[in-house]
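A.B. asks: File structure_19.txt follows (compact mmCIF, C-alpha atoms):
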# COMPACT_ATOMS: atom_id res chain seq x y z
CA VAL A 911 0.00 0.00 0.00
CA SER A 912 2.81 2.43 0.80
CA VAL A 913 4.08 2.12 -2.77
CA LEU A 914 0.65 2.86 -4.20
CA MET A 915 0.26 5.88 -1.93
CA VAL A 916 3.28 7.62 -3.42
CA GLY A 917 1.68 7.34 -6.83
CA SER A 918 3.70 8.31 -9.87
CA MET A 919 7.04 8.17 -8.05
CA HIS A 920 6.90 4.40 -8.58
CA SER A 921 4.52 4.14 -11.52
CA GLU A 922 5.66 0.71 -12.77
CA VAL A 923 5.39 -0.81 -9.31
CA CYS A 924 1.97 0.79 -8.88
CA ARG A 925 0.76 -0.87 -12.07
CA TYR A 926 2.09 -4.23 -10.94
CA VAL A 927 0.55 -3.96 -7.45
CA ALA A 928 -2.81 -2.92 -8.95
CA ARG A 929 -2.77 -5.90 -11.33
CA GLU A 930 -1.89 -8.35 -8.57
CA GLY A 931 -3.82 -6.84 -5.67
CA GLY A 932 -6.90 -5.54 -7.47
CA ALA A 933 -9.57 -3.28 -6.02
CA GLY A 934 -9.13 -4.51 -2.45
CA LEU A 935 -5.65 -3.04 -2.32
CA VAL A 936 -6.19 0.06 -4.44
CA ALA A 937 -9.27 1.08 -2.42
CA ILE A 938 -7.36 1.33 0.87
CA ALA A 939 -7.52 4.97 1.95
CA ASP A 940 -5.61 7.22 4.31
CA ARG A 941 -7.26 8.82 7.35
CA GLY A 942 -8.64 11.60 5.17
CA GLY A 943 -10.35 9.17 2.79
CA TRP A 944 -7.92 9.48 -0.11
CA THR A 945 -6.74 6.43 -2.03
CA ALA A 946 -3.69 6.09 -4.23
CA VAL A 947 -5.92 7.00 -7.18
CA HIS A 948 -6.78 10.32 -5.50
CA ARG A 949 -3.11 11.12 -5.10
CA MET A 950 -2.28 10.30 -8.71
CA VAL A 951 -5.12 12.45 -10.02
CA TYR A 952 -4.21 15.32 -7.70
CA CYS A 953 -0.56 15.24 -8.85
CA GLY A 954 -1.62 15.37 -12.52
CA GLU A 955 -0.80 11.72 -13.21
CA GLU A 956 -4.27 10.92 -14.48
CA ASP A 957 -3.02 8.50 -17.17
CA ILE A 958 -1.45 6.31 -14.50
CA ALA A 959 -4.56 6.64 -12.32
CA CYS A 960 -6.76 5.49 -15.20
CA GLU A 961 -4.51 2.51 -15.88
CA VAL A 962 -4.42 1.50 -12.21
CA ALA A 963 -8.21 1.84 -11.98
CA SER A 964 -8.67 -0.24 -15.13
CA HIS A 965 -7.24 -3.28 -13.33
CA CYS A 966 -10.01 -3.04 -10.71
CA GLY A 967 -13.18 -3.31 -12.80
CA GLU A 968 -16.28 -1.39 -11.76
CA GLU A 969 -14.84 -0.60 -8.35
CA GLY A 970 -11.81 0.94 -10.04
CA GLN A 971 -14.02 3.16 -12.18
CA ARG A 972 -15.90 4.29 -9.08
CA LEU A 973 -12.63 5.12 -7.32
CA LEU A 974 -11.42 7.07 -10.34
CA GLU A 975 -14.59 9.14 -10.60
CA ALA A 976 -14.52 9.89 -6.87
CA ALA A 977 -10.87 10.92 -7.09
CA GLN A 978 -11.52 13.24 -10.03
CA LYS A 979 -14.46 14.89 -8.29
CA GLU A 980 -12.81 15.32 -4.90
CA SER A 981 -9.49 16.53 -6.32
CA SER A 982 -11.36 19.14 -8.37
CA GLU A 983 -13.27 20.32 -5.30
CA VAL A 984 -10.04 20.79 -3.36
CA ALA A 985 -8.66 22.97 -6.15
CA GLU A 986 -11.74 25.16 -6.51
CA LYS A 987 -13.25 25.68 -3.06
CA GLY A 988 -12.45 27.67 0.03
CA SER A 989 -10.71 30.88 1.05
CA LEU A 990 -7.89 28.67 2.35
CA PHE A 991 -6.43 25.60 0.67
CA VAL A 992 -3.61 23.11 1.12
CA TYR A 993 -0.72 24.53 -0.88
CA ARG A 994 1.97 22.04 0.06
CA GLY A 995 1.26 18.49 1.18
CA TRP A 996 -1.72 16.16 0.75
CA PRO A 997 -5.17 17.76 1.20
CA SER A 998 -6.38 14.57 2.88
CA LYS A 999 -3.92 15.22 5.70
CA VAL A 1000 -5.66 18.47 6.70
CA ARG A 1001 -9.26 18.77 7.82
CA MET A 1002 -10.77 22.21 7.16
CA ASP A 1003 -14.22 23.40 8.18
CA GLU A 1004 -15.25 26.81 6.89
CA GLY A 1005 -18.51 26.72 8.82
CA GLY A 1006 -16.97 27.19 12.25
CA GLN A 1007 -17.48 30.27 14.39
CA GLY A 1008 -14.55 32.66 14.40
CA GLY A 1009 -13.01 31.47 11.16
CA VAL A 1010 -11.88 28.28 9.45
CA ASN A 1011 -11.08 25.30 11.67
CA VAL A 1012 -7.86 23.67 10.46
CA GLU A 1013 -6.71 20.34 11.91
CA PHE A 1014 -3.38 18.87 10.81
CA GLY A 1015 -3.21 15.09 10.57
CA GLY A 1016 0.36 14.15 11.44
CA GLU A 1017 2.24 15.19 8.31
CA PHE A 1018 3.73 18.60 7.45
CA CYS A 1019 1.32 20.59 5.31
CA THR A 1020 1.19 24.26 4.36
CA VAL A 1021 -2.12 26.10 4.06
CA ARG A 1022 -2.34 29.32 2.05
CA SER A 1023 -4.93 32.03 1.44
CA ARG A 1024 -6.29 32.67 -2.02
CA GLY A 1025 -6.42 36.39 -1.36
CA LEU A 1026 -3.20 38.27 -2.19
CA CYS A 1027 -2.01 41.46 -0.50
CA PRO A 1028 -0.55 43.49 -3.38
CA LYS A 1029 2.46 45.77 -3.31
CA GLY A 1030 1.41 49.02 -1.68
CA GLY A 1031 -1.24 47.27 0.44
CA ARG A 1032 -1.58 46.22 4.06
CA ALA A 1033 -3.32 43.05 5.24
CA TYR A 1034 -3.96 41.16 8.46
CA TYR A 1035 -5.20 37.79 9.68
CA GLU A 1036 -5.45 35.86 12.93
CA ILE A 1037 -4.75 32.29 14.01
CA GLU A 1038 -6.26 31.05 17.25
CA VAL A 1039 -4.36 28.14 18.80
CA VAL A 1040 -6.92 25.46 19.67
CA SER A 1041 -4.30 22.79 20.38
CA VAL A 1042 -0.57 23.46 20.22
CA ASP A 1043 1.41 22.03 17.31
CA PHE A 1044 4.93 20.74 17.85
CA CYS A 1045 6.23 22.55 14.75
CA PRO A 1046 4.05 25.54 13.79
CA GLN A 1047 5.37 28.05 11.26
CA PHE A 1048 2.86 30.88 10.82
CA GLY A 1049 3.36 33.81 8.49
CA PHE A 1050 3.37 34.74 4.83
CA SER A 1051 4.51 33.55 1.42
CA ALA A 1052 5.49 35.58 -1.62
CA VAL A 1053 4.08 35.20 -5.12
CA GLY A 1054 6.97 32.99 -6.21
CA PHE A 1055 6.51 30.45 -3.39
CA GLU A 1056 5.79 27.35 -5.46
CA GLN A 1057 2.97 24.91 -4.88
CA VAL A 1058 3.87 21.30 -4.06
CA LYS A 1059 1.15 18.76 -4.76
CA GLY A 1060 2.21 15.97 -2.46
CA LYS A 1061 4.52 15.49 0.48
CA SER A 1062 6.81 18.44 1.11
CA ASN A 1063 9.57 19.00 3.62
CA GLU A 1064 9.83 22.73 2.90
CA ASP A 1065 7.51 24.83 5.02
CA VAL A 1066 6.73 28.50 5.58
CA GLY A 1067 10.07 30.17 6.27
CA ASP A 1068 12.21 27.42 4.77
CA ASP A 1069 13.10 29.46 1.69
CA ALA A 1070 13.71 33.06 0.60
CA LEU A 1071 10.08 33.53 -0.43
CA SER A 1072 8.37 32.91 2.91
CA TRP A 1073 8.56 34.18 6.47
CA GLY A 1074 7.33 32.42 9.62
CA VAL A 1075 7.26 32.54 13.39
CA ASP A 1076 7.12 29.50 15.67
CA GLY A 1077 5.82 29.81 19.22
CA ALA A 1078 6.49 26.15 20.07
CA ARG A 1079 10.21 26.00 19.33
CA ARG A 1080 10.53 29.80 19.90
CA LEU A 1081 12.08 30.51 16.51
CA LYS A 1082 11.74 32.79 13.51
CA TRP A 1083 12.05 31.11 10.10
CA HIS A 1084 13.21 32.66 6.83
CA ASN A 1085 15.36 31.41 3.96
CA GLY A 1086 15.98 28.11 5.72
CA THR A 1087 17.61 29.75 8.72
CA THR A 1088 16.28 30.44 12.20
CA GLY A 1089 16.41 33.38 14.56
CA GLN A 1090 15.41 33.75 18.19
CA TYR A 1091 11.71 34.37 18.98
CA ASP A 1092 11.31 34.53 22.76
CA CYS A 1093 7.60 33.80 22.85
CA THR A 1094 5.70 30.65 23.81
CA TRP A 1095 2.20 30.13 22.44
CA ARG A 1096 -0.46 28.41 24.52
CA GLU A 1097 -3.90 27.02 23.85
CA GLY A 1098 -6.36 29.84 23.40
CA ASP A 1099 -3.77 32.38 22.24
CA VAL A 1100 -4.69 34.45 19.19
CA ILE A 1101 -1.71 35.14 16.94
CA GLY A 1102 -2.12 38.27 14.82
CA LEU A 1103 -0.12 38.44 11.58
CA ALA A 1104 0.14 41.63 9.55
CA CYS A 1105 2.07 42.52 6.42
CA ASP A 1106 2.80 46.13 5.52
CA LEU A 1107 3.72 46.29 1.84
CA VAL A 1108 4.06 50.06 2.03
CA GLY A 1109 6.83 50.13 4.60
CA GLY A 1110 8.12 46.61 3.99
CA LYS A 1111 7.50 45.02 7.38
CA ILE A 1112 5.86 41.96 8.92
CA PHE A 1113 4.26 42.30 12.35
CA VAL A 1114 3.16 39.68 14.88
CA SER A 1115 0.99 40.03 17.97
CA VAL A 1116 -0.19 37.65 20.69
CA ASN A 1117 -3.66 38.39 22.05
CA GLY A 1118 -3.46 41.86 20.54
CA ASP A 1119 -0.09 42.73 22.08
CA PHE A 1120 2.56 43.90 19.59
CA SER A 1121 5.24 44.56 22.21
CA LEU A 1122 8.55 42.68 22.21
CA PRO A 1123 9.36 39.92 21.37
CA ASN A 1124 6.54 40.50 18.90
CA GLY A 1125 5.90 43.62 16.85
CA ALA A 1126 7.96 44.18 13.71
CA VAL A 1127 9.68 40.82 13.31
CA TYR A 1128 10.85 41.10 9.68
CA ASP A 1129 11.89 43.73 7.17
CA ILE A 1130 11.11 42.65 3.61
CA ASP A 1131 11.80 43.86 0.08
CA VAL A 1132 8.35 44.79 -1.22
CA GLU A 1133 9.34 44.75 -4.89
CA GLU A 1134 10.96 41.33 -4.68
CA SER A 1135 7.99 39.86 -2.83
CA GLY A 1136 5.51 40.69 -5.60
CA GLY A 1137 2.80 40.66 -2.92
CA LEU A 1138 2.12 38.33 -0.01
CA TYR A 1139 -0.34 35.56 0.85
CA ALA A 1140 -1.30 34.45 4.34
CA ALA A 1141 0.41 31.08 4.81
CA PHE A 1142 1.07 28.72 7.68
CA THR A 1143 2.49 25.24 8.23
CA GLY A 1144 1.51 22.65 10.80
CA GLN A 1145 1.95 18.97 11.53
CA SER A 1146 -0.30 17.90 14.36
CA GLY A 1147 -2.09 20.89 15.84
CA HIS A 1148 -5.54 22.42 15.55
CA VAL A 1149 -6.04 26.12 14.80
CA ARG A 1150 -8.83 28.47 13.86
CA CYS A 1151 -7.83 30.86 11.07
CA ASN A 1152 -9.73 34.10 10.56
CA LEU A 1153 -9.01 35.94 7.32
CA GLY A 1154 -11.68 38.57 8.00
CA GLY A 1155 -14.11 39.49 5.26
CA GLY A 1156 -17.28 38.73 7.20
CA VAL A 1157 -15.96 37.46 10.53
CA ALA A 1158 -14.83 40.08 13.04
CA PHE A 1159 -11.24 39.93 14.25
CA LYS A 1160 -10.67 39.44 17.97
CA HIS A 1161 -7.91 42.04 18.04
CA SER A 1162 -6.74 45.03 16.02
CA PRO A 1163 -3.92 45.17 13.48
CA PRO A 1164 -0.98 47.54 14.00
CA GLN A 1165 -1.51 51.29 14.02
CA GLU A 1166 0.41 53.06 11.28
CA ASP A 1167 1.73 56.63 11.60
CA ASP A 1168 0.36 57.53 8.18
CA GLY A 1169 -3.12 56.40 9.16
CA GLY A 1170 -3.20 53.68 6.53
CA ALA A 1171 -5.66 50.85 7.16
CA TYR A 1172 -5.18 47.09 7.14
CA VAL A 1173 -7.73 44.83 5.47
CA GLY A 1174 -8.41 41.17 6.09
CA PHE A 1175 -7.07 38.65 3.60
CA GLY A 1176 -10.65 37.51 3.14
CA GLU A 1177 -11.43 40.88 1.56
CA LEU A 1178 -8.66 40.69 -1.02
CA ALA A 1179 -8.94 39.51 -4.62
CA TRP A 1180 -8.00 35.90 -5.32
CA ALA A 1181 -4.83 35.58 -7.33
Would you put the structure from the file into structure tokens?
C.D. replies:
Amino acid sequence: VSVLMVGSMHSEVCRYVAREGGAGLVAIADRGGWTAVHRMVYCGEEDIACEVASHCGEEGQRLLEAAQKESSEVAEKGSLFVYRGWPSKVRMDEGGQGGVNVEFGGEFCTVRSRGLCPKGGRAYYEIEVVSVDFCPQFGFSAVGFEQVKGKSNEDVGDDALSWGVDGARRLKWHNGTTGQYDCTWREGDVIGLACDLVGGKIFVSVNGDFSLPNGAVYDIDVEESGGLYAAFTGQSGHVRCNLGGGVAFKHSPPQEDDGGAYVGFGELAWA
């Protein structure tokens, strides 16, 4: 089953296992309900998915149709979506009070907003810690931060195009290197994350407090960023993400000397 679940990385072996094991093997799903066929379709390996399904008769056709439908829904729905990792490893509920409930299922995944804060703009969002993750990296990603459809070991802050803070390991993450962040997050804390693409800064607050060690945690090159998305990585925790745009924030964004206003990422155009 483990070979099937990595899909096109071992396409010949997948074909062999499907021929020998049939529908009983191919239909085994992960905790999120995705089979190997789902993963192949999601990664764009639909030819292999069709061939694997063809060895499983009517049940294979049913699995293929379900995979096509559910993979399409993941790509098209929601103000937040899984940008790196397997969507089946993250449970998201947009109907929850106070924002989108996001539960990580034991594997590193990065969730990103569809709304983009453009150059010259200012935007804000909040993450409420429902249960503490061992390895949270909350922050922002630039336009060039590439999508990974499948398992990824590069999270928010692990490259030059993303910036993150981590209140479990007490670290800042950017360009694959870490800096000190002397703040410990606890259950119930609301982490405020703001990007100022006028002045080129990223701000963080905890329960509305922007004082040290929070406040302006990064200086960024606005032109190089091309704009920023809200983005955060988790492995095992549960958070509630509020992008605004219909749900009131619990706290206020930073106050700027020029009087400029921040908007929620939920109010921004999808890009």
A.B. asks: Using only C-alpha atoms, can you list as a PyMOL selection string the residues within 9 Å of (-3.3, 30.5, 14.5)?
C.D. replies: chain A and resi 1035-1040+1046+1048+1099-1102+1142+1148-1152
A.B. asks: What lies within 9 Å of Leu1178 in chain A using all atoms listed in the file, ignoring chain neighbours under 6 positions off, as a list in words?
C.D. replies: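 The filter keeps Arg1024, Gly1025, Leu1026, Cys1027, Pro1028, Ala1033 and Gly1155 of chain A.
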A.B. asks: Write to file, as a short mmCIF file (atom, residue, chain, number, x, y, z; two decimals), in the coordinates of the input, the residues of the selection just made, with C-alpha atoms.
C.D. replies:
data_model
loop_
_atom_site.label_atom_id
_atom_site.label_comp_id
_atom_site.auth_asym_id
_atom_site.auth_seq_id
_atom_site.Cartn_x
_atom_site.Cartn_y
_atom_site.Cartn_z
CA ARG A 1024 -6.29 32.67 -2.02
CA GLY A 1025 -6.42 36.39 -1.36
CA LEU A 1026 -3.20 38.27 -2.19
CA CYS A 1027 -2.01 41.46 -0.50
CA PRO A 1028 -0.55 43.49 -3.38
CA ALA A 1033 -3.32 43.05 5.24
CA GLY A 1155 -14.11 39.49 5.26
#
A.B. asks: Can you pull out every residue within 7 Å of His965 in chain A, counting all atoms listed in the file, but drop anything in the same chain fewer than 2 positions away, and send it as a PyMOL selection string?
C.D. replies: chain A and resi 928-929+932+961-963+967
A.B. asks: Can you pull out every residue within 12 Å of His948 in chain A, counting all atoms listed in the file, but drop anything in the same chain fewer than 5 positions away, and send it as a PyMOL selection string?
C.D. replies: chain A and resi 914-918+936-940+942-943+953-956+958-960+962-963+970+972-984+996-998+1059-1060
A.B. asks: Around (1.2, 21.5, -2.3) in the file's own coordinates, what residues are found within 10 Å if you use all atoms listed in the file, given back as a ChimeraX atom specification?
C.D. replies: /A:952-953,991-997,1019-1022,1056-1062
A.B. asks: Keeping only C-alpha atoms, write the selected residues to a file as a PDB file, keeping the file's coordinate frame.
C.D. replies:
ATOM      1  CA  TYR A 952      -4.210  15.320  -7.700  1.00  0.00           C
ATOM      2  CA  CYS A 953      -0.560  15.240  -8.850  1.00  0.00           C
ATOM      3  CA  PHE A 991      -6.430  25.600   0.670  1.00  0.00           C
ATOM      4  CA  VAL A 992      -3.610  23.110   1.120  1.00  0.00           C
ATOM      5  CA  TYR A 993      -0.720  24.530  -0.880  1.00  0.00           C
ATOM      6  CA  ARG A 994       1.970  22.040   0.060  1.00  0.00           C
ATOM      7  CA  GLY A 995       1.260  18.490   1.180  1.00  0.00           C
ATOM      8  CA  TRP A 996      -1.720  16.160   0.750  1.00  0.00           C
ATOM      9  CA  PRO A 997      -5.170  17.760   1.200  1.00  0.00           C
ATOM     10  CA  CYS A1019       1.320  20.590   5.310  1.00  0.00           C
ATOM     11  CA  THR A1020       1.190  24.260   4.360  1.00  0.00           C
ATOM     12  CA  VAL A1021      -2.120  26.100   4.060  1.00  0.00           C
ATOM     13  CA  ARG A1022      -2.340  29.320   2.050  1.00  0.00           C
ATOM     14  CA  GLU A1056       5.790  27.350  -5.460  1.00  0.00           C
ATOM     15  CA  GLN A1057       2.970  24.910  -4.880  1.00  0.00           C
ATOM     16  CA  VAL A1058       3.870  21.300  -4.060  1.00  0.00           C
ATOM     17  CA  LYS A1059       1.150  18.760  -4.760  1.00  0.00           C
ATOM     18  CA  GLY A1060       2.210  15.970  -2.460  1.00  0.00           C
ATOM     19  CA  LYS A1061       4.520  15.490   0.480  1.00  0.00           C
ATOM     20  CA  SER A1062       6.810  18.440   1.110  1.00  0.00           C
TER      21      SER A1062
END
